[in-house]
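Raw data01.cif, mmCIF, C-alpha atoms:
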data_start
loop_
_atom_site.label_atom_id
_atom_site.label_comp_id
_atom_site.auth_asym_id
_atom_site.auth_seq_id
_atom_site.Cartn_x
_atom_site.Cartn_y
_atom_site.Cartn_z
CA MET A 41 13.81 -27.60 36.97
CA ALA A 42 13.26 -27.99 40.72
CA LYS A 43 11.03 -25.41 42.42
CA SER A 44 13.91 -23.89 44.41
CA GLU A 45 15.99 -23.55 41.24
CA ARG A 46 13.05 -22.01 39.43
CA ASN A 47 12.55 -19.44 42.18
CA LYS A 48 16.26 -18.59 42.06
CA ALA A 49 16.07 -18.10 38.30
CA GLU A 50 12.99 -15.90 38.59
CA CYS A 51 14.59 -13.68 41.24
CA ARG A 52 18.06 -13.60 39.65
CA TYR A 53 17.99 -9.84 39.07
CA GLY A 54 16.42 -8.88 42.37
CA GLN A 55 12.93 -8.54 40.93
CA THR A 56 9.85 -9.14 43.06
CA PHE A 57 6.65 -10.90 42.05
CA VAL A 58 3.07 -10.98 43.29
CA ASP A 59 0.79 -14.00 43.56
CA GLU A 60 -2.19 -12.96 41.48
CA THR A 61 -5.75 -13.79 42.51
CA LYS A 62 -9.07 -12.70 41.03
CA GLU A 63 -9.66 -10.62 44.14
CA LEU A 64 -6.31 -8.86 43.82
CA LEU A 65 -6.80 -8.08 40.14
CA SER A 66 -10.30 -6.77 40.69
CA SER A 67 -9.38 -4.56 43.65
CA LYS A 68 -6.24 -3.15 42.01
CA LEU A 69 -8.06 -2.34 38.76
CA LYS A 70 -10.74 -0.52 40.72
CA GLU A 71 -8.12 1.37 42.72
CA LEU A 72 -6.26 2.26 39.54
CA ASP A 73 -9.40 3.73 37.97
CA GLN A 74 -9.91 5.84 41.08
CA VAL A 75 -6.35 7.15 41.01
CA LEU A 76 -6.57 7.96 37.29
CA GLU A 77 -9.85 9.76 37.85
CA LYS A 78 -8.17 12.08 40.37
CA GLN A 79 -5.33 13.11 38.07
CA LYS A 80 -5.30 16.66 36.77
CA GLU A 81 -6.99 17.01 33.41
CA ASP A 82 -4.07 18.76 31.72
CA SER A 83 -1.65 15.97 32.70
CA LYS A 84 -3.91 13.18 31.43
CA ARG A 85 -5.15 14.90 28.28
CA CYS A 86 -3.74 12.22 25.93
CA TYR A 87 -5.10 9.42 28.10
CA THR A 88 -8.55 11.05 28.11
CA LEU A 89 -8.41 11.35 24.32
CA ALA A 90 -7.56 7.65 24.09
CA ILE A 91 -10.64 6.75 26.16
CA LYS A 92 -12.79 8.69 23.67
CA LYS A 93 -11.06 7.73 20.42
CA CYS A 94 -9.91 4.13 21.03
CA PRO A 95 -11.47 2.66 24.18
CA GLN A 96 -10.29 -0.81 23.13
CA GLU A 97 -6.71 0.43 23.59
CA VAL A 98 -7.30 1.36 27.25
CA ASP A 99 -9.29 -1.64 28.44
CA GLU A 100 -8.62 -3.82 31.49
CA LYS A 101 -5.97 -5.87 29.66
CA PHE A 102 -4.07 -2.67 28.92
CA LYS A 103 -4.31 -1.53 32.53
CA LEU A 104 -3.21 -4.92 33.85
CA LYS A 105 -0.02 -4.71 31.79
CA HIS A 106 0.88 -1.50 33.59
CA LEU A 107 -0.10 -2.86 36.98
CA ARG A 108 2.04 -5.96 36.46
CA CYS A 109 4.95 -3.88 35.25
CA GLU A 110 4.79 -1.85 38.47
CA VAL A 111 4.18 -4.97 40.62
CA PHE A 112 0.70 -3.63 41.48
CA ARG A 113 1.93 -0.31 42.86
CA VAL A 114 -1.18 1.53 41.77
CA LYS A 115 0.09 5.12 41.82
CA ASP A 116 3.16 4.14 39.83
CA ALA A 117 0.97 2.30 37.31
CA ALA A 118 -1.22 5.39 36.93
CA ARG A 119 1.82 7.59 36.28
CA ARG A 120 3.08 5.07 33.74
CA ILE A 121 -0.25 5.01 31.89
CA ILE A 122 -0.37 8.80 31.67
CA LYS A 123 3.22 8.99 30.42
CA TYR A 124 2.55 6.13 28.01
CA TRP A 125 -0.20 8.03 26.24
CA CYS A 126 1.74 11.30 26.18
CA LYS A 127 4.70 9.49 24.64
CA ARG A 128 2.53 7.48 22.23
CA VAL A 129 1.07 10.72 20.84
CA GLU A 130 4.56 12.23 20.59
CA ILE A 131 5.98 9.22 18.73
CA PHE A 132 3.01 8.30 16.52
CA GLY A 133 1.34 11.68 16.03
CA ASN A 134 -2.18 12.85 16.77
CA THR A 135 -3.87 10.46 14.35
CA LYS A 136 -1.92 7.19 14.34
CA ALA A 137 -1.47 7.23 18.13
CA PHE A 138 -5.10 6.21 18.53
CA LEU A 139 -5.07 3.48 15.91
CA PRO A 140 -4.58 -0.19 16.90
CA MET A 141 -0.95 -1.18 17.49
CA THR A 142 -0.92 -3.32 14.35
CA LEU A 143 1.13 -3.40 11.15
CA ASP A 144 -1.77 -2.04 9.10
CA GLY A 145 -2.86 0.35 11.85
CA ALA A 146 -0.47 2.57 13.79
CA LEU A 147 2.55 1.03 11.99
CA ARG A 148 1.19 1.28 8.44
CA ASP A 149 3.92 3.69 7.28
CA ASP A 150 6.87 2.02 9.02
CA THR A 151 7.55 -1.12 6.98
CA ALA A 152 11.18 -0.25 6.23
CA SER A 153 11.99 0.45 9.88
CA LEU A 154 10.17 -2.69 11.00
CA ASN A 155 12.19 -4.82 8.59
CA ILE A 156 15.43 -3.35 9.95
CA SER A 157 14.32 -3.39 13.61
CA ILE A 158 17.42 -3.02 15.76
CA MET A 159 15.43 -4.63 18.60
CA ARG A 160 14.12 -8.08 17.69
CA ASP A 161 12.22 -10.65 19.71
CA THR A 162 13.91 -14.06 19.76
CA HIS A 163 10.59 -15.66 20.80
CA CYS A 164 12.60 -17.52 23.44
CA LYS A 165 12.85 -17.20 27.22
CA ASP A 166 15.56 -17.56 29.83
CA ASP A 167 15.26 -20.15 32.57
CA GLY A 168 13.27 -17.69 34.70
CA GLY A 169 10.55 -17.19 32.09
CA ARG A 170 11.73 -13.78 30.84
CA ALA A 171 11.51 -12.97 27.15
CA ILE A 172 14.87 -12.63 25.41
CA LEU A 173 15.20 -9.61 23.13
CA PHE A 174 18.16 -9.03 20.83
CA TYR A 175 19.45 -5.49 20.25
CA ASP A 176 21.86 -4.95 17.37
CA PRO A 177 22.50 -1.31 16.42
CA SER A 178 24.76 -2.38 13.56
CA ARG A 179 21.56 -3.06 11.60
CA LEU A 180 20.99 0.68 11.30
CA PRO A 181 21.68 2.17 7.86
CA LYS A 182 23.58 5.42 7.47
CA LYS A 183 22.17 8.19 9.66
CA ASP A 184 20.55 10.10 6.80
CA LYS A 185 18.85 6.92 5.54
CA TYR A 186 16.38 6.39 8.39
CA ASP A 187 13.93 8.32 10.52
CA ALA A 188 14.45 8.17 14.28
CA PHE A 189 10.73 8.38 15.04
CA SER A 190 9.92 5.57 12.62
CA MET A 191 12.65 3.41 14.15
CA THR A 192 11.19 4.12 17.56
CA ARG A 193 7.71 3.15 16.39
CA ALA A 194 9.23 -0.18 15.28
CA LEU A 195 10.58 -0.59 18.80
CA TRP A 196 7.12 0.04 20.22
CA TYR A 197 5.67 -2.66 18.01
CA THR A 198 8.28 -5.26 18.97
CA LEU A 199 7.79 -4.61 22.68
CA HIS A 200 4.00 -4.64 22.43
CA CYS A 201 4.14 -8.00 20.65
CA CYS A 202 6.39 -9.27 23.43
CA ILE A 203 3.95 -8.33 26.21
CA GLU A 204 1.05 -10.13 24.57
CA ASP A 205 2.38 -13.01 26.70
CA GLU A 206 1.05 -12.75 30.28
CA GLU A 207 4.12 -14.50 31.70
CA VAL A 208 6.26 -11.79 30.12
CA GLN A 209 3.97 -9.13 31.59
CA ARG A 210 4.73 -10.54 35.03
CA LYS A 211 8.39 -11.50 34.64
CA GLY A 212 9.62 -9.09 32.00
CA CYS A 213 12.52 -9.51 29.63
CA VAL A 214 16.27 -9.53 29.28
CA ILE A 215 17.99 -7.72 26.44
CA ILE A 216 21.10 -9.09 24.76
CA GLY A 217 22.90 -6.09 23.31
CA HIS A 218 25.32 -6.85 20.48
CA PRO A 219 26.95 -3.55 19.44
CA LYS A 220 30.24 -5.17 18.36
CA HIS A 221 29.94 -4.03 14.73
CA ALA A 222 28.06 -0.80 15.38
CA GLU A 223 29.26 2.59 14.31
CA LYS A 224 29.22 5.48 16.76
CA PRO A 225 25.71 5.74 18.26
CA ASP A 226 22.96 8.08 17.24
CA PHE A 227 22.34 9.76 20.59
CA THR A 228 19.09 11.32 19.34
CA LEU A 229 17.68 7.88 18.53
CA GLU A 230 19.09 6.36 21.72
CA LYS A 231 17.47 9.03 23.91
CA LEU A 232 14.16 8.77 22.06
CA GLN A 233 14.01 5.01 22.56
CA VAL A 234 15.23 5.03 26.17
CA ASP A 235 12.57 7.62 27.06
CA CYS A 236 9.99 5.11 25.83
CA LEU A 237 11.40 2.40 28.09
CA ARG A 238 11.68 4.49 31.25
CA GLY A 239 8.31 4.58 32.99
CA CYS A 240 6.37 4.28 29.76
CA ILE A 241 5.98 1.05 27.75
CA PRO A 242 4.89 -1.56 30.34
CA ILE A 243 7.72 -4.07 30.14
CA ARG A 244 9.97 -5.04 33.04
CA ILE A 245 13.66 -5.20 32.16
CA GLY A 246 15.58 -7.72 34.23
CA ALA A 247 18.94 -7.01 32.66
CA ILE A 248 20.69 -5.59 29.62
CA HIS A 249 23.56 -7.92 28.72
CA LEU A 250 25.92 -5.79 26.66
CA CYS A 251 28.10 -8.25 24.78
CA HIS A 252 31.30 -7.37 22.95
CA PRO A 253 31.15 -3.59 23.39
CA PRO A 254 32.91 -1.72 20.54
CA TRP A 255 36.26 0.02 20.85
CA PHE A 256 34.64 3.41 21.49
CA PHE A 257 32.43 2.16 24.35
CA GLU A 258 34.55 3.72 27.09
CA LEU A 259 34.35 7.06 25.27
CA ILE A 260 30.54 7.13 24.99
CA TRP A 261 29.59 5.34 28.23
CA PRO A 262 29.59 8.56 30.32
CA VAL A 263 26.99 10.01 27.94
CA MET A 264 25.01 6.77 27.77
CA ARG A 265 24.92 6.59 31.56
CA LEU A 266 23.13 9.92 31.64
CA ILE A 267 20.71 8.95 28.88
CA ILE A 268 19.58 5.64 30.37
CA GLY A 269 19.22 6.90 33.96
CA SER A 270 20.06 5.29 37.27
CA LEU A 271 17.51 2.45 37.23
CA LEU A 272 18.40 1.06 33.81
CA ARG A 273 22.08 1.72 34.49
CA LYS A 274 21.93 -0.77 37.36
CA ARG A 275 20.56 -3.36 34.92
CA VAL A 276 23.49 -3.15 32.50
CA LYS A 277 25.97 -6.03 32.58
CA VAL A 278 28.97 -5.75 30.28
CA HIS A 279 30.52 -8.92 28.82
CA SER A 280 33.61 -9.16 26.64
CA GLY A 281 36.33 -11.66 25.78
CA ASP A 282 36.29 -15.06 24.12
CA ASP A 283 33.05 -15.91 22.29
CA ASN A 284 32.65 -19.38 23.78
CA GLU A 285 33.44 -18.18 27.30
CA LEU A 286 30.88 -15.40 26.96
CA LEU A 287 28.15 -17.81 25.84
CA THR A 288 29.03 -20.20 28.64
CA LYS A 289 28.74 -17.36 31.14
CA LEU A 290 25.33 -16.33 29.78
CA GLU A 291 24.10 -19.91 30.12
CA ILE A 292 25.56 -20.83 33.51
CA GLU A 293 25.14 -17.52 35.32
CA TYR A 294 22.05 -16.11 33.60
CA GLY A 295 20.09 -19.04 32.18
CA ILE A 296 20.41 -17.90 28.56
CA SER A 297 21.35 -20.90 26.43
CA PRO A 298 23.21 -20.66 23.08
CA GLU A 299 20.05 -22.03 21.42
CA THR A 300 18.28 -18.77 22.35
CA VAL A 301 21.07 -16.46 21.13
CA PRO A 302 20.79 -15.38 17.47
CA THR A 303 23.48 -16.41 15.01
CA ASP A 304 24.24 -12.70 14.51
CA MET A 305 26.43 -13.14 17.59
CA ALA A 306 29.35 -15.54 17.28
CA GLY A 307 28.41 -18.91 18.76
CA GLY A 308 24.68 -18.24 18.81
CA LYS A 309 22.52 -21.01 17.36
CA LEU A 310 19.15 -19.31 16.83
CA LYS A 311 18.29 -18.34 13.26
CA LEU A 312 15.95 -15.36 13.37
CA ASP A 313 13.66 -14.72 10.42
CA HIS A 314 12.27 -11.40 11.51
CA VAL A 315 10.74 -10.44 8.15
CA SER A 316 8.79 -13.72 7.87
CA TRP A 317 7.51 -13.19 11.41
CA LEU A 318 6.26 -9.72 10.42
CA GLU A 319 4.60 -11.13 7.30
CA ASP A 320 2.80 -13.78 9.36
CA ARG A 321 1.54 -11.16 11.78
CA ARG A 322 0.36 -8.92 8.96
CA LYS A 323 -1.61 -11.79 7.43
CA ALA A 324 -3.18 -12.40 10.83
CA GLY A 325 -4.19 -8.74 11.09
CA LEU A 326 -1.78 -8.13 13.97
#

Take the structure I supplied and represent it as structure tokens, if you would.
Amino acid sequence: MAKSERNKAECRYGQTFVDETKELLSSKLKELDQVLEKQKEDSKRCYTLAIKKCPQEVDEKFKLKHLRCEVFRVKDAARRIIKYWCKRVEIFGNTKAFLPMTLDGALRDDTASLNISIMRDTHCKDDGGRAILFYDPSRLPKKDKYDAFSMTRALWYTLHCCIEDEEVQRKGCVIIGHPKHAEKPDFTLEKLQVDCLRGCIPIRIGAIHLCHPPWFFELIWPVMRLIIGSLLRKRVKVHSGDDNELLTKLEIEYGISPETVPTDMAGGKLKLDHVSWLEDRRKAGL
């Protein structure tokens, strides 16, 4: 791909990027530490506990993820870090929140939710270098057969795996939503997971491509609009119609080829083996 085409692909969703240098990283990390130090103790209680209980979880790599997510806006990164730890304690509890974000650590009791995982990583990227995630709420069992907090912990794990890649830290992700076969949404779960995405988990979302919305979409969209907030709402792009035309549109207009779309969606060519991926990571201690 020519440089001009690459730049166009990177900036497709109006995102901005920073040329990173050692000097920039060093100065911004120092500035971030200073801003965090000045925060009120009651607001950063969970972050302070993390420093004491799991310093490896709040190291420079962790801070850089938040800085990159906020395009090196230091005050915004500090707010995100503080919210991150408050939310991590809320979702994982006072003990597991401070364990490593691994399958045998913080996720040790969530195997069933991880295997279902309504948000899966395709391990592919669009033509701008963004990770492609696949969201399929039809994978959810009946409402009384799963725990919303456990499902949300599975989401945390998937997203944290995704941002192990530094290019993804800088460029973010796109989400292909495939709710075609979903039943009416669980608003409690939706709100819980969206709260973790908004100003919390350090991943930039370029767009949410909602493909084949179900018949009840127009009925629930007013509620969903309120749940996801104005920023994410601007990222939502709704696609419907013929399967082949939809895939062609994703490829031509958004740089998402059929080879990167799971076979769960008509016309997709990517066979996801999510459970095998989890097994490989568990064997590797991840």

Would you write out, as a tab-separated table, a table of all residues in region 304-325 of chain A that have an atom no more than 12 Å from an atom of region 207-225 of chain A, listing for each the closest atom pair and the distance in Å to one decimal, considering all atoms listed in the file and ordering rows by chain and rising residue number?
residue	atom	partner	partner_atom	distance
A:Asp304	CA	A:His218	CA	8.4
A:Met305	CA	A:His218	CA	7.0
A:Ala306	CA	A:His218	CA	10.1
A:Gly308	CA	A:Ile216	CA	11.5

* **Residue nearest Glu206 (chain A) among A:Val75, A:Ala118, A:Val276, A:Leu104 (counting all atoms listed in the file)** => A:Leu104

* Minimum-distance residue to Glu291 (chain A), chosen among A:Lys68, A:Lys165, A:Met264, A:Asp187 (using all atoms listed in the file) -> A:Lys165

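What the PyMOL selection byres ((chain A and resi 202) around 9) grabs from this file is Asp161, His163, Ala171, Leu173, Tyr197, Thr198, Leu199, His200, Cys201, Ile203, Glu204, Asp205, Val208, Gln209, Cys213 and Ile243 of chain A.
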
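This file, queried with the PyMOL selection byres ((chain A and resi 180) around 10), gives the residues Ser153, Ile156, Ser157, Ile158, Asp176, Pro177, Ser178, Arg179, Pro181, Lys182, Lys183, Lys185, Tyr186, Met191, Ala222, Glu223, Pro225 and Asp226 of chain A.
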
* To one decimal in Å, tell me the separation between CA of Thr303 (chain A) and CA of Thr162 (chain A). =>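 A separation of 10.9 Å between them.
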
* To do: Go through A:Asn155, A:Arg193, A:Leu76, A:Lys101 and flag the residue nearest Asp313 (chain A), using all atoms listed in the file for the distances.
  =>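 For Asp313 (chain A), the nearest of the candidates is A:Asn155.
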
* Asked: What's the 8 Å shell around region 93-97 of chain A, counting only C-alpha atoms, without same-chain residues fewer than 3 positions away, as a list in words?
  -> Leu89, Ala90, Phe102, Phe138, Leu139 and Pro140 of chain A

* **Test item: residues at most 12 Å from Arg238 (chain A), only C-alpha atoms, excluding those fewer than 5 positions along its chain, as number ranges by chain** => A: 109-110, 119-121, 123-124, 127, 231-233, 243-245, 267-273

* Might you pull out every residue within 9 Å of Ser83 (chain A), with only C-alpha atoms counted and same-chain residues fewer than 3 positions away left off, and present them as a ChimeraX atom specification? => /A:79-80,86-87,122-123,126

* To do: Kindly resolve the PyMOL selection byres ((chain A and resi 286) around 12) on the present coordinates and return the residues as a ChimeraX atom specification.
  => /A:216,249-252,277-285,287-294,296-298,301,305-308

What does the file look like for those residues with C-alpha atoms, as a PDB file, in the coordinates of the input?
ATOM      1  CA  ILE A 216      21.100  -9.090  24.760  1.00  0.00           C
ATOM      2  CA  HIS A 249      23.560  -7.920  28.720  1.00  0.00           C
ATOM      3  CA  LEU A 250      25.920  -5.790  26.660  1.00  0.00           C
ATOM      4  CA  CYS A 251      28.100  -8.250  24.780  1.00  0.00           C
ATOM      5  CA  HIS A 252      31.300  -7.370  22.950  1.00  0.00           C
ATOM      6  CA  LYS A 277      25.970  -6.030  32.580  1.00  0.00           C
ATOM      7  CA  VAL A 278      28.970  -5.750  30.280  1.00  0.00           C
ATOM      8  CA  HIS A 279      30.520  -8.920  28.820  1.00  0.00           C
ATOM      9  CA  SER A 280      33.610  -9.160  26.640  1.00  0.00           C
ATOM     10  CA  GLY A 281      36.330 -11.660  25.780  1.00  0.00           C
ATOM     11  CA  ASP A 282      36.290 -15.060  24.120  1.00  0.00           C
ATOM     12  CA  ASP A 283      33.050 -15.910  22.290  1.00  0.00           C
ATOM     13  CA  ASN A 284      32.650 -19.380  23.780  1.00  0.00           C
ATOM     14  CA  GLU A 285      33.440 -18.180  27.300  1.00  0.00           C
ATOM     15  CA  LEU A 287      28.150 -17.810  25.840  1.00  0.00           C
ATOM     16  CA  THR A 288      29.030 -20.200  28.640  1.00  0.00           C
ATOM     17  CA  LYS A 289      28.740 -17.360  31.140  1.00  0.00           C
ATOM     18  CA  LEU A 290      25.330 -16.330  29.780  1.00  0.00           C
ATOM     19  CA  GLU A 291      24.100 -19.910  30.120  1.00  0.00           C
ATOM     20  CA  ILE A 292      25.560 -20.830  33.510  1.00  0.00           C
ATOM     21  CA  GLU A 293      25.140 -17.520  35.320  1.00  0.00           C
ATOM     22  CA  TYR A 294      22.050 -16.110  33.600  1.00  0.00           C
ATOM     23  CA  ILE A 296      20.410 -17.900  28.560  1.00  0.00           C
ATOM     24  CA  SER A 297      21.350 -20.900  26.430  1.00  0.00           C
ATOM     25  CA  PRO A 298      23.210 -20.660  23.080  1.00  0.00           C
ATOM     26  CA  VAL A 301      21.070 -16.460  21.130  1.00  0.00           C
ATOM     27  CA  MET A 305      26.430 -13.140  17.590  1.00  0.00           C
ATOM     28  CA  ALA A 306      29.350 -15.540  17.280  1.00  0.00           C
ATOM     29  CA  GLY A 307      28.410 -18.910  18.760  1.00  0.00           C
ATOM     30  CA  GLY A 308      24.680 -18.240  18.810  1.00  0.00           C
TER      31      GLY A 308
END

* Just the residues within 7 Å of region 141-143 of chain A, please, counting all atoms listed in the file, with nothing from its chain fewer than 5 positions along; format it as a PyMOL selection string. => chain A and resi 148+197+322+326

* Could you tell me which of A:Ile241, A:Leu107, A:Ala146, A:Ala324 comes closest to Phe57 (chain A) if we count all atoms listed in the file? =>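 With all atoms listed in the file as the atom set, the closest residue is A:Leu107.
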
* Asked: Counting all atoms listed in the file, which of A:Lys323, A:Lys70, A:Arg113, A:His106 gets nearest to Gly239 (chain A)?
  ->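 For Gly239 (chain A), the nearest of the given residues is A:His106.
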
Hey, could you patch up region 151-175 of chain A with N, CA and C atoms and hand it over as a compact mmCIF listing (two decimals), in the frame of the given file?
# COMPACT_ATOMS: atom_id res chain seq x y z
N THR A 151 7.09 0.20 7.43
CA THR A 151 7.55 -1.12 6.98
C THR A 151 9.07 -1.22 6.91
N ALA A 152 9.72 -0.21 6.37
CA ALA A 152 11.18 -0.25 6.23
C ALA A 152 11.85 -0.34 7.59
N SER A 153 11.39 0.46 8.54
CA SER A 153 11.99 0.45 9.88
C SER A 153 11.71 -0.87 10.59
N LEU A 154 10.52 -1.41 10.40
CA LEU A 154 10.17 -2.69 11.00
C LEU A 154 11.05 -3.81 10.47
N ASN A 155 11.35 -3.79 9.18
CA ASN A 155 12.19 -4.82 8.59
C ASN A 155 13.62 -4.74 9.12
N ILE A 156 14.10 -3.52 9.38
CA ILE A 156 15.43 -3.35 9.95
C ILE A 156 15.42 -3.74 11.42
N SER A 157 14.57 -3.11 12.19
CA SER A 157 14.32 -3.39 13.61
C SER A 157 15.59 -3.76 14.40
N ILE A 158 16.20 -2.75 14.98
CA ILE A 158 17.42 -3.02 15.76
C ILE A 158 17.11 -3.79 17.05
N MET A 159 15.85 -3.80 17.47
CA MET A 159 15.43 -4.63 18.60
C MET A 159 14.50 -5.71 18.08
N ARG A 160 14.93 -6.98 18.19
CA ARG A 160 14.12 -8.08 17.69
C ARG A 160 13.81 -9.05 18.83
N ASP A 161 12.64 -9.64 18.73
CA ASP A 161 12.22 -10.65 19.71
C ASP A 161 12.73 -12.01 19.24
N THR A 162 13.43 -12.72 20.13
CA THR A 162 13.91 -14.06 19.76
C THR A 162 12.81 -15.10 19.87
N HIS A 163 11.69 -14.74 20.54
CA HIS A 163 10.59 -15.66 20.80
C HIS A 163 11.05 -16.82 21.69
N CYS A 164 12.09 -16.56 22.47
CA CYS A 164 12.60 -17.52 23.44
C CYS A 164 12.59 -16.88 24.82
N LYS A 165 12.82 -17.71 25.85
CA LYS A 165 12.85 -17.20 27.22
C LYS A 165 14.08 -17.75 27.94
N ASP A 166 14.49 -17.03 28.99
CA ASP A 166 15.56 -17.56 29.83
C ASP A 166 14.95 -18.56 30.81
N ASP A 167 15.77 -19.11 31.68
CA ASP A 167 15.26 -20.15 32.57
C ASP A 167 14.34 -19.61 33.66
N GLY A 168 14.20 -18.30 33.74
CA GLY A 168 13.27 -17.69 34.70
C GLY A 168 11.96 -17.26 34.07
N GLY A 169 11.80 -17.53 32.77
CA GLY A 169 10.55 -17.19 32.09
C GLY A 169 10.53 -15.80 31.48
N ARG A 170 11.67 -15.12 31.45
CA ARG A 170 11.73 -13.78 30.84
C ARG A 170 11.94 -13.91 29.33
N ALA A 171 11.29 -13.02 28.59
CA ALA A 171 11.51 -12.97 27.15
C ALA A 171 12.95 -12.51 26.88
N ILE A 172 13.52 -13.03 25.81
CA ILE A 172 14.87 -12.63 25.41
C ILE A 172 14.75 -11.78 24.15
N LEU A 173 15.18 -10.53 24.26
CA LEU A 173 15.20 -9.61 23.13
C LEU A 173 16.64 -9.42 22.67
N PHE A 174 16.80 -9.17 21.39
CA PHE A 174 18.16 -9.03 20.83
C PHE A 174 18.28 -7.65 20.19
N TYR A 175 19.25 -6.88 20.71
CA TYR A 175 19.45 -5.49 20.25
C TYR A 175 20.76 -5.40 19.49
